[in-house]
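Colleague: Hey, dropping work_38.pdb in here, PDB, C-alpha atoms, pLDDT in the B column:
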```pdb
ATOM      1  CA  MET A   1       5.072  -4.184 -34.354  1.00 63.00           C
ATOM      2  CA  THR A   2       5.954  -3.022 -30.840  1.00 76.00           C
ATOM      3  CA  ALA A   3       3.945  -4.614 -28.047  1.00 82.00           C
ATOM      4  CA  PRO A   4       1.897  -2.097 -26.050  1.00 92.00           C
ATOM      5  CA  LEU A   5       2.862  -1.311 -22.481  1.00 96.00           C
ATOM      6  CA  ARG A   6       0.948  -3.379 -19.943  1.00 98.00           C
ATOM      7  CA  LEU A   7       0.379  -2.505 -16.286  1.00 98.00           C
ATOM      8  CA  VAL A   8      -0.127  -5.161 -13.606  1.00 98.00           C
ATOM      9  CA  LEU A   9      -1.198  -3.766 -10.230  1.00 98.00           C
ATOM     10  CA  PHE A  10      -1.072  -5.853  -7.073  1.00 98.00           C
ATOM     11  CA  ASP A  11      -2.939  -5.445  -3.845  1.00 97.00           C
ATOM     12  CA  VAL A  12      -0.622  -6.308  -0.929  1.00 96.00           C
ATOM     13  CA  ASP A  13      -2.285  -7.688   2.221  1.00 95.00           C
ATOM     14  CA  GLY A  14      -3.944 -11.010   1.402  1.00 95.00           C
ATOM     15  CA  THR A  15      -2.564 -10.989  -2.151  1.00 97.00           C
ATOM     16  CA  LEU A  16       1.235 -10.736  -2.056  1.00 97.00           C
ATOM     17  CA  VAL A  17       1.749 -11.201   1.682  1.00 96.00           C
ATOM     18  CA  ASP A  18      -0.086 -13.028   4.459  1.00 95.00           C
ATOM     19  CA  SER A  19      -0.269 -10.286   7.072  1.00 92.00           C
ATOM     20  CA  GLN A  20      -3.383 -11.466   8.889  1.00 92.00           C
ATOM     21  CA  GLY A  21      -1.444 -12.333  12.048  1.00 91.00           C
ATOM     22  CA  SER A  22      -0.061  -8.812  12.323  1.00 92.00           C
ATOM     23  CA  ILE A  23      -3.385  -7.195  11.443  1.00 93.00           C
ATOM     24  CA  VAL A  24      -5.400  -9.188  13.975  1.00 94.00           C
ATOM     25  CA  ALA A  25      -2.757  -8.724  16.691  1.00 94.00           C
ATOM     26  CA  ALA A  26      -2.583  -4.957  16.142  1.00 94.00           C
ATOM     27  CA  MET A  27      -6.361  -4.564  16.068  1.00 95.00           C
ATOM     28  CA  THR A  28      -6.679  -6.652  19.230  1.00 96.00           C
ATOM     29  CA  ALA A  29      -4.032  -4.560  20.997  1.00 96.00           C
ATOM     30  CA  SER A  30      -5.748  -1.309  20.021  1.00 97.00           C
ATOM     31  CA  PHE A  31      -9.203  -2.348  21.238  1.00 97.00           C
ATOM     32  CA  ASP A  32      -7.730  -3.871  24.408  1.00 96.00           C
ATOM     33  CA  ALA A  33      -5.849  -0.657  25.165  1.00 95.00           C
ATOM     34  CA  HIS A  34      -9.174   1.196  25.179  1.00 94.00           C
ATOM     35  CA  SER A  35     -10.965  -1.526  27.170  1.00 95.00           C
ATOM     36  CA  LEU A  36     -13.338  -2.192  24.278  1.00 95.00           C
ATOM     37  CA  PRO A  37     -14.615  -5.585  23.071  1.00 95.00           C
ATOM     38  CA  VAL A  38     -12.322  -6.885  20.333  1.00 96.00           C
ATOM     39  CA  PRO A  39     -14.080  -7.575  17.004  1.00 96.00           C
ATOM     40  CA  LYS A  40     -14.161 -11.176  15.854  1.00 96.00           C
ATOM     41  CA  ARG A  41     -11.317 -12.344  13.628  1.00 94.00           C
ATOM     42  CA  ASP A  42     -13.622 -12.726  10.613  1.00 93.00           C
ATOM     43  CA  ALA A  43     -14.843  -9.152  11.065  1.00 95.00           C
ATOM     44  CA  ILE A  44     -11.286  -7.842  11.229  1.00 95.00           C
ATOM     45  CA  LEU A  45     -10.232  -9.711   8.083  1.00 93.00           C
ATOM     46  CA  SER A  46     -13.360  -8.556   6.248  1.00 92.00           C
ATOM     47  CA  ILE A  47     -12.150  -4.931   6.293  1.00 91.00           C
ATOM     48  CA  VAL A  48      -8.586  -5.613   5.098  1.00 91.00           C
ATOM     49  CA  GLY A  49      -7.958  -3.501   2.014  1.00 89.00           C
ATOM     50  CA  LEU A  50      -9.944  -0.498   3.136  1.00 90.00           C
ATOM     51  CA  SER A  51      -8.105   2.598   4.304  1.00 90.00           C
ATOM     52  CA  LEU A  52      -7.686   2.417   8.070  1.00 92.00           C
ATOM     53  CA  PRO A  53     -10.161   5.169   9.071  1.00 94.00           C
ATOM     54  CA  VAL A  54     -12.845   3.634   6.850  1.00 94.00           C
ATOM     55  CA  ALA A  55     -12.079   0.159   8.192  1.00 94.00           C
ATOM     56  CA  MET A  56     -12.263   1.356  11.785  1.00 96.00           C
ATOM     57  CA  ALA A  57     -15.552   3.138  11.155  1.00 96.00           C
ATOM     58  CA  ARG A  58     -16.996  -0.236  10.145  1.00 95.00           C
ATOM     59  CA  LEU A  59     -15.492  -2.156  13.054  1.00 96.00           C
ATOM     60  CA  ALA A  60     -16.339   0.454  15.687  1.00 95.00           C
ATOM     61  CA  SER A  61     -19.472   1.981  14.181  1.00 94.00           C
ATOM     62  CA  GLU A  62     -21.174   2.300  17.569  1.00 93.00           C
ATOM     63  CA  HIS A  63     -18.373   4.511  18.910  1.00 95.00           C
ATOM     64  CA  SER A  64     -17.746   8.219  18.367  1.00 95.00           C
ATOM     65  CA  ASP A  65     -15.387   9.657  15.752  1.00 95.00           C
ATOM     66  CA  THR A  66     -13.004  10.538  18.581  1.00 96.00           C
ATOM     67  CA  VAL A  67     -12.878   6.968  19.843  1.00 96.00           C
ATOM     68  CA  GLN A  68     -12.483   5.638  16.307  1.00 96.00           C
ATOM     69  CA  GLN A  69      -9.512   7.972  15.750  1.00 96.00           C
ATOM     70  CA  ARG A  70      -7.907   6.764  18.986  1.00 97.00           C
ATOM     71  CA  LEU A  71      -8.362   3.188  17.798  1.00 97.00           C
ATOM     72  CA  VAL A  72      -6.747   4.081  14.469  1.00 96.00           C
ATOM     73  CA  ASP A  73      -3.759   5.623  16.254  1.00 96.00           C
ATOM     74  CA  GLY A  74      -3.496   2.619  18.576  1.00 96.00           C
ATOM     75  CA  TYR A  75      -3.585   0.224  15.643  1.00 95.00           C
ATOM     76  CA  LYS A  76      -0.798   2.096  13.843  1.00 93.00           C
ATOM     77  CA  GLN A  77       1.415   2.007  16.939  1.00 94.00           C
ATOM     78  CA  ALA A  78       0.771  -1.687  17.576  1.00 94.00           C
ATOM     79  CA  TYR A  79       1.307  -2.678  13.945  1.00 91.00           C
ATOM     80  CA  HIS A  80       4.545  -0.695  13.738  1.00 89.00           C
ATOM     81  CA  ALA A  81       5.827  -2.310  16.943  1.00 91.00           C
ATOM     82  CA  HIS A  82       4.929  -5.790  15.663  1.00 88.00           C
ATOM     83  CA  ARG A  83       6.716  -5.143  12.388  1.00 84.00           C
ATOM     84  CA  LEU A  84       9.849  -3.912  14.162  1.00 86.00           C
ATOM     85  CA  GLU A  85       9.827  -7.004  16.358  1.00 87.00           C
ATOM     86  CA  GLN A  86       9.076  -9.587  13.647  1.00 86.00           C
ATOM     87  CA  GLY A  87      10.607  -8.035  10.516  1.00 79.00           C
ATOM     88  CA  ALA A  88       9.709  -9.756   7.230  1.00 78.00           C
ATOM     89  CA  ALA A  89       8.240 -12.668   9.207  1.00 83.00           C
ATOM     90  CA  SER A  90       5.338 -10.445  10.261  1.00 85.00           C
ATOM     91  CA  SER A  91       4.042 -10.482   6.669  1.00 92.00           C
ATOM     92  CA  PRO A  92       5.511 -13.424   4.721  1.00 94.00           C
ATOM     93  CA  LEU A  93       5.157 -13.591   0.971  1.00 96.00           C
ATOM     94  CA  TYR A  94       2.624 -16.125  -0.284  1.00 97.00           C
ATOM     95  CA  PRO A  95       4.048 -19.171  -2.094  1.00 96.00           C
ATOM     96  CA  GLY A  96       4.881 -18.285  -5.674  1.00 97.00           C
ATOM     97  CA  ALA A  97       4.551 -14.522  -5.188  1.00 97.00           C
ATOM     98  CA  LEU A  98       8.208 -13.662  -5.722  1.00 97.00           C
ATOM     99  CA  ASP A  99       8.516 -15.994  -8.715  1.00 97.00           C
ATOM    100  CA  ALA A 100       5.454 -14.380 -10.301  1.00 97.00           C
ATOM    101  CA  ILE A 101       6.790 -10.878  -9.704  1.00 98.00           C
ATOM    102  CA  GLU A 102      10.200 -11.757 -11.136  1.00 97.00           C
ATOM    103  CA  ALA A 103       8.707 -13.446 -14.214  1.00 97.00           C
ATOM    104  CA  LEU A 104       6.454 -10.490 -15.022  1.00 97.00           C
ATOM    105  CA  HIS A 105       9.250  -8.004 -14.343  1.00 97.00           C
ATOM    106  CA  ALA A 106      11.395  -9.809 -16.912  1.00 97.00           C
ATOM    107  CA  VAL A 107       8.894  -9.042 -19.696  1.00 96.00           C
ATOM    108  CA  PRO A 108       9.953  -5.711 -21.240  1.00 95.00           C
ATOM    109  CA  GLU A 109       6.472  -4.385 -21.986  1.00 96.00           C
ATOM    110  CA  ILE A 110       5.020  -5.210 -18.543  1.00 97.00           C
ATOM    111  CA  LEU A 111       5.178  -2.630 -15.762  1.00 98.00           C
ATOM    112  CA  LEU A 112       4.381  -3.597 -12.172  1.00 98.00           C
ATOM    113  CA  GLY A 113       2.725  -1.533  -9.487  1.00 98.00           C
ATOM    114  CA  VAL A 114       1.009  -1.674  -6.119  1.00 98.00           C
ATOM    115  CA  ALA A 115      -2.408  -0.380  -5.060  1.00 98.00           C
ATOM    116  CA  THR A 116      -2.878  -0.921  -1.343  1.00 96.00           C
ATOM    117  CA  GLY A 117      -4.778   0.241   1.701  1.00 93.00           C
ATOM    118  CA  LYS A 118      -1.463   0.298   3.569  1.00 92.00           C
ATOM    119  CA  SER A 119       0.244   3.537   4.530  1.00 91.00           C
ATOM    120  CA  GLN A 120       3.334   4.786   2.699  1.00 93.00           C
ATOM    121  CA  ARG A 121       5.452   3.924   5.737  1.00 90.00           C
ATOM    122  CA  GLY A 122       3.970   0.448   5.980  1.00 89.00           C
ATOM    123  CA  LEU A 123       4.388  -0.332   2.283  1.00 93.00           C
ATOM    124  CA  ASP A 124       7.948   0.994   2.099  1.00 93.00           C
ATOM    125  CA  ALA A 125       8.937  -1.086   5.138  1.00 91.00           C
ATOM    126  CA  LEU A 126       7.367  -4.210   3.665  1.00 92.00           C
ATOM    127  CA  ILE A 127       9.010  -3.754   0.267  1.00 95.00           C
ATOM    128  CA  GLU A 128      12.392  -3.208   1.923  1.00 93.00           C
ATOM    129  CA  ALA A 129      11.954  -6.224   4.218  1.00 91.00           C
ATOM    130  CA  HIS A 130      11.369  -8.514   1.229  1.00 94.00           C
ATOM    131  CA  GLY A 131      13.905  -6.865  -1.093  1.00 94.00           C
ATOM    132  CA  LEU A 132      11.293  -5.823  -3.655  1.00 96.00           C
ATOM    133  CA  GLU A 133      12.511  -2.265  -4.240  1.00 95.00           C
ATOM    134  CA  ARG A 134      13.363  -2.683  -7.923  1.00 96.00           C
ATOM    135  CA  TYR A 135      10.123  -4.239  -9.116  1.00 98.00           C
ATOM    136  CA  PHE A 136       7.331  -1.681  -8.713  1.00 98.00           C
ATOM    137  CA  VAL A 137       7.375   1.450 -10.840  1.00 98.00           C
ATOM    138  CA  THR A 138       4.236   2.906  -9.262  1.00 98.00           C
ATOM    139  CA  ARG A 139       3.145   2.597  -5.622  1.00 97.00           C
ATOM    140  CA  GLN A 140      -0.309   3.831  -4.651  1.00 98.00           C
ATOM    141  CA  VAL A 141      -1.109   3.928  -0.920  1.00 96.00           C
ATOM    142  CA  ALA A 142      -3.923   4.977   1.382  1.00 93.00           C
ATOM    143  CA  ASP A 143      -2.174   8.202   2.419  1.00 93.00           C
ATOM    144  CA  HIS A 144      -2.782   9.827  -0.966  1.00 92.00           C
ATOM    145  CA  HIS A 145      -6.147   8.450  -2.117  1.00 96.00           C
ATOM    146  CA  PRO A 146      -9.747   7.856  -1.107  1.00 95.00           C
ATOM    147  CA  SER A 147     -10.271   4.326   0.207  1.00 94.00           C
ATOM    148  CA  LYS A 148     -10.904   1.446  -2.133  1.00 96.00           C
ATOM    149  CA  PRO A 149     -13.132   0.871  -4.064  1.00 96.00           C
ATOM    150  CA  HIS A 150     -12.680   4.445  -5.351  1.00 97.00           C
ATOM    151  CA  PRO A 151     -10.708   4.182  -8.625  1.00 98.00           C
ATOM    152  CA  SER A 152      -8.178   6.893  -7.717  1.00 98.00           C
ATOM    153  CA  MET A 153      -5.282   4.488  -7.080  1.00 98.00           C
ATOM    154  CA  ILE A 154      -5.652   2.789 -10.460  1.00 98.00           C
ATOM    155  CA  ASP A 155      -6.289   6.051 -12.296  1.00 98.00           C
ATOM    156  CA  THR A 156      -3.134   7.558 -10.819  1.00 98.00           C
ATOM    157  CA  ALA A 157      -1.032   4.475 -11.549  1.00 98.00           C
ATOM    158  CA  ARG A 158      -2.193   4.582 -15.162  1.00 98.00           C
ATOM    159  CA  SER A 159      -1.440   8.294 -15.351  1.00 98.00           C
ATOM    160  CA  GLU A 160       2.072   7.764 -13.979  1.00 97.00           C
ATOM    161  CA  THR A 161       2.849   4.939 -16.401  1.00 97.00           C
ATOM    162  CA  GLY A 162       0.885   6.075 -19.460  1.00 97.00           C
ATOM    163  CA  VAL A 163      -0.833   2.701 -19.827  1.00 98.00           C
ATOM    164  CA  GLU A 164      -4.315   2.401 -21.334  1.00 97.00           C
ATOM    165  CA  ALA A 165      -7.173   0.964 -19.274  1.00 98.00           C
ATOM    166  CA  ALA A 166      -7.503  -1.969 -21.692  1.00 97.00           C
ATOM    167  CA  ASN A 167      -3.891  -2.912 -20.934  1.00 97.00           C
ATOM    168  CA  THR A 168      -4.188  -2.635 -17.149  1.00 98.00           C
ATOM    169  CA  VAL A 169      -5.052  -5.419 -14.688  1.00 98.00           C
ATOM    170  CA  MET A 170      -5.726  -5.179 -10.950  1.00 98.00           C
ATOM    171  CA  ILE A 171      -4.952  -8.285  -8.873  1.00 98.00           C
ATOM    172  CA  GLY A 172      -6.457  -8.610  -5.407  1.00 97.00           C
ATOM    173  CA  ASP A 173      -8.119 -10.822  -2.840  1.00 96.00           C
ATOM    174  CA  THR A 174     -11.118  -8.706  -1.832  1.00 95.00           C
ATOM    175  CA  GLN A 175     -14.362  -7.424  -3.240  1.00 95.00           C
ATOM    176  CA  PHE A 176     -12.951  -3.916  -2.713  1.00 95.00           C
ATOM    177  CA  ASP A 177     -10.212  -4.681  -5.264  1.00 97.00           C
ATOM    178  CA  MET A 178     -12.675  -6.018  -7.829  1.00 97.00           C
ATOM    179  CA  ASP A 179     -15.023  -3.058  -7.340  1.00 96.00           C
ATOM    180  CA  MET A 180     -12.086  -0.660  -7.695  1.00 97.00           C
ATOM    181  CA  ALA A 181     -11.026  -2.347 -10.934  1.00 98.00           C
ATOM    182  CA  ARG A 182     -14.540  -2.093 -12.317  1.00 97.00           C
ATOM    183  CA  ALA A 183     -14.808   1.564 -11.299  1.00 98.00           C
ATOM    184  CA  ALA A 184     -11.531   2.277 -13.110  1.00 98.00           C
ATOM    185  CA  GLY A 185     -12.602   0.377 -16.223  1.00 98.00           C
ATOM    186  CA  VAL A 186      -9.840  -2.241 -15.993  1.00 98.00           C
ATOM    187  CA  ALA A 187      -9.814  -6.035 -15.702  1.00 98.00           C
ATOM    188  CA  GLY A 188      -9.702  -7.556 -12.227  1.00 98.00           C
ATOM    189  CA  ILE A 189      -8.087 -10.864 -11.294  1.00 98.00           C
ATOM    190  CA  GLY A 190      -9.235 -12.234  -7.960  1.00 97.00           C
ATOM    191  CA  VAL A 191      -7.031 -14.523  -5.894  1.00 97.00           C
ATOM    192  CA  ALA A 192      -8.642 -17.319  -3.923  1.00 96.00           C
ATOM    193  CA  TRP A 193      -6.047 -17.512  -1.113  1.00 96.00           C
ATOM    194  CA  GLY A 194      -6.787 -14.162   0.551  1.00 94.00           C
ATOM    195  CA  TYR A 195      -9.166 -12.722   3.142  1.00 91.00           C
ATOM    196  CA  HIS A 196     -12.458 -12.655   1.238  1.00 90.00           C
ATOM    197  CA  GLU A 197     -14.218 -15.830   0.172  1.00 88.00           C
ATOM    198  CA  ARG A 198     -13.951 -16.706  -3.515  1.00 89.00           C
ATOM    199  CA  SER A 199     -17.727 -16.334  -3.777  1.00 89.00           C
ATOM    200  CA  ALA A 200     -17.354 -12.688  -2.710  1.00 88.00           C
ATOM    201  CA  LEU A 201     -15.111 -11.744  -5.650  1.00 93.00           C
ATOM    202  CA  ASN A 202     -18.023 -10.507  -7.729  1.00 88.00           C
ATOM    203  CA  GLY A 203     -17.113  -8.943 -11.033  1.00 91.00           C
ATOM    204  CA  ALA A 204     -13.660 -10.511 -11.269  1.00 96.00           C
ATOM    205  CA  THR A 205     -12.586 -11.125 -14.865  1.00 96.00           C
ATOM    206  CA  ARG A 206     -10.729 -14.218 -13.670  1.00 96.00           C
ATOM    207  CA  VAL A 207     -10.136 -15.912 -10.309  1.00 97.00           C
ATOM    208  CA  ILE A 208      -6.916 -17.844  -9.758  1.00 97.00           C
ATOM    209  CA  GLU A 209      -6.141 -20.486  -7.122  1.00 97.00           C
ATOM    210  CA  THR A 210      -2.327 -20.175  -7.212  1.00 97.00           C
ATOM    211  CA  PHE A 211       0.252 -17.769  -8.617  1.00 98.00           C
ATOM    212  CA  ASP A 212       1.121 -20.424 -11.216  1.00 96.00           C
ATOM    213  CA  GLN A 213      -2.203 -19.628 -12.893  1.00 97.00           C
ATOM    214  CA  LEU A 214      -1.464 -15.909 -13.262  1.00 97.00           C
ATOM    215  CA  PRO A 215       0.367 -15.951 -16.633  1.00 95.00           C
ATOM    216  CA  ARG A 216      -2.490 -17.856 -18.292  1.00 96.00           C
ATOM    217  CA  ALA A 217      -5.074 -15.511 -16.768  1.00 97.00           C
ATOM    218  CA  LEU A 218      -3.205 -12.481 -18.100  1.00 97.00           C
ATOM    219  CA  ASP A 219      -2.867 -14.074 -21.538  1.00 95.00           C
ATOM    220  CA  ASP A 220      -6.612 -14.759 -21.599  1.00 95.00           C
ATOM    221  CA  ILE A 221      -7.363 -11.124 -20.800  1.00 96.00           C
ATOM    222  CA  TRP A 222      -4.894  -9.612 -23.250  1.00 93.00           C
ATOM    223  CA  THR A 223      -5.410 -11.895 -26.266  1.00 85.00           C
TER     224      THR A 223
END
```
Represent the structure from my file as structure tokens, please.

Modeller:
Amino acid sequence: MTAPLRLVLFDVDGTLVDSQGSIVAAMTASFDAHSLPVPKRDAILSIVGLSLPVAMARLASEHSDTVQQRLVDGYKQAYHAHRLEQGAASSPLYPGALDAIEALHAVPEILLGVATGKSQRGLDALIEAHGLERYFVTRQVADHHPSKPHPSMIDTARSETGVEAANTVMIGDTQFDMDMARAAGVAGIGVAWGYHERSALNGATRVIETFDQLPRALDDIWT
């Protein structure tokens, strides 16, 4: 009997890569450029995973739409400049991430994908910087979808790969990822090393402390 196709979707920031330095630096530069008080670090990290306009609306809720858009544009410019300056070092892979990706990729019935609040440009640059081009068969980004936790990214990834909801898992570090998984009717695995506290990962099917625990968590969900 042929094993069914499985789909494993990864969030990026706070799950595969530790990009908090770049995110905080770019947000700080954008607010500074407009002579506005910079949000606290915890506040900035709390919105990671949301699409940038939605994130900025939360961080700068007291400012007009026009100011928020200027902050979005300033963030994009600052983040791009930081990435060009730092390269892969601006968003290093978490320990065990590459090994986990390679191990899953080696299983014939498992397909890998990404569902991220990053832009297409940002994701493509990150994947190229870390040499991950061959691993992900579906890449869902903020440019083409409503912000998490809307299920559009997962629904589209499933549509592109033809994988059933019961055979799909979303892996992420934020409540937005777990809510998106639930909205799409798929299992969610929370990771404890990211930007939201473990206690905030409500609705996660499993929570793992290290990438070493991922195979067992997937087995538990699929058996």

Colleague: Between CA of Thr138 in chain A and CA of Leu7 in chain A, what is the distance, to one decimal in Å?

Modeller: 9.7 Å

Colleague: Could you tell me how far CA of Met170 in chain A lies from CA of Ala200 in chain A, in Å and to one decimal?

Modeller: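 Between CA of Met170 in chain A and CA of Ala200 in chain A the gap works out to 16.1 Å.
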
Colleague: My list of candidates is A:Gly117, A:Pro95, A:Pro108, A:Pro53. Which is closest to Pro149 in chain A when distances are computed with all atoms listed in the file?

Modeller: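 Of all the options, A:Gly117 lies closest to Pro149 in chain A.
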
Colleague: Counting only C-alpha atoms, figure out which residue out of A:Ser119, A:Gln20, A:Ser147, A:Thr174 gets nearest to His80 in chain A.

Modeller: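 With only C-alpha atoms as the atom set, the closest residue is A:Ser119.
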
Colleague: What lies within 7 Å of Val38 in chain A using only C-alpha atoms, ignoring chain neighbours under 5 positions off, as a VMD selection string?

Modeller: chain A and resid 28 31 to 32

Colleague: Given the choices A:Leu5, A:Ala57, A:Leu123, A:Ala33, which gets closest to Arg83 in chain A if the distance is worked out from all atoms listed in the file?

Modeller: A:Leu123

Colleague: Could I get range 22-35 of chain A rebuilt with N, CA, C and O atoms, written as a CSV table (one decimal), in the coordinates of the input?

Modeller:
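Saved the output as result.csv:
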```
chain,number,residue,atom,x,y,z
A,22,SER,N,-0.4,-10.2,11.9
A,22,SER,CA,-0.1,-8.8,12.3
A,22,SER,C,-1.3,-7.9,12.4
A,22,SER,O,-1.4,-7.1,13.4
A,23,ILE,N,-2.2,-8.0,11.5
A,23,ILE,CA,-3.4,-7.2,11.4
A,23,ILE,C,-4.3,-7.5,12.6
A,23,ILE,O,-4.7,-6.6,13.4
A,24,VAL,N,-4.5,-8.8,12.9
A,24,VAL,CA,-5.4,-9.2,14.0
A,24,VAL,C,-4.8,-8.8,15.3
A,24,VAL,O,-5.4,-8.3,16.2
A,25,ALA,N,-3.5,-9.0,15.4
A,25,ALA,CA,-2.8,-8.7,16.7
A,25,ALA,C,-2.8,-7.2,17.0
A,25,ALA,O,-3.1,-6.8,18.1
A,26,ALA,N,-2.6,-6.4,15.9
A,26,ALA,CA,-2.6,-5.0,16.1
A,26,ALA,C,-4.0,-4.4,16.5
A,26,ALA,O,-4.2,-3.6,17.3
A,27,MET,N,-5.0,-5.0,15.8
A,27,MET,CA,-6.4,-4.6,16.1
A,27,MET,C,-6.8,-5.0,17.5
A,27,MET,O,-7.4,-4.2,18.2
A,28,THR,N,-6.4,-6.2,17.9
A,28,THR,CA,-6.7,-6.7,19.2
A,28,THR,C,-6.0,-5.8,20.3
A,28,THR,O,-6.7,-5.4,21.3
A,29,ALA,N,-4.8,-5.4,20.1
A,29,ALA,CA,-4.0,-4.6,21.0
A,29,ALA,C,-4.7,-3.2,21.1
A,29,ALA,O,-4.8,-2.6,22.2
A,30,SER,N,-5.1,-2.6,20.0
A,30,SER,CA,-5.7,-1.3,20.0
A,30,SER,C,-7.1,-1.3,20.8
A,30,SER,O,-7.3,-0.4,21.6
A,31,PHE,N,-7.9,-2.3,20.5
A,31,PHE,CA,-9.2,-2.3,21.2
A,31,PHE,C,-9.0,-2.7,22.7
A,31,PHE,O,-9.6,-2.1,23.6
A,32,ASP,N,-8.0,-3.5,23.0
A,32,ASP,CA,-7.7,-3.9,24.4
A,32,ASP,C,-7.2,-2.6,25.2
A,32,ASP,O,-7.6,-2.4,26.3
A,33,ALA,N,-6.4,-1.8,24.5
A,33,ALA,CA,-5.8,-0.7,25.2
A,33,ALA,C,-6.9,0.3,25.6
A,33,ALA,O,-6.7,1.2,26.5
A,34,HIS,N,-8.1,0.3,24.9
A,34,HIS,CA,-9.2,1.2,25.2
A,34,HIS,C,-10.3,0.5,25.9
A,34,HIS,O,-11.4,1.0,26.0
A,35,SER,N,-10.0,-0.7,26.4
A,35,SER,CA,-11.0,-1.5,27.2
A,35,SER,C,-12.3,-1.7,26.4
A,35,SER,O,-13.4,-1.7,27.0
```
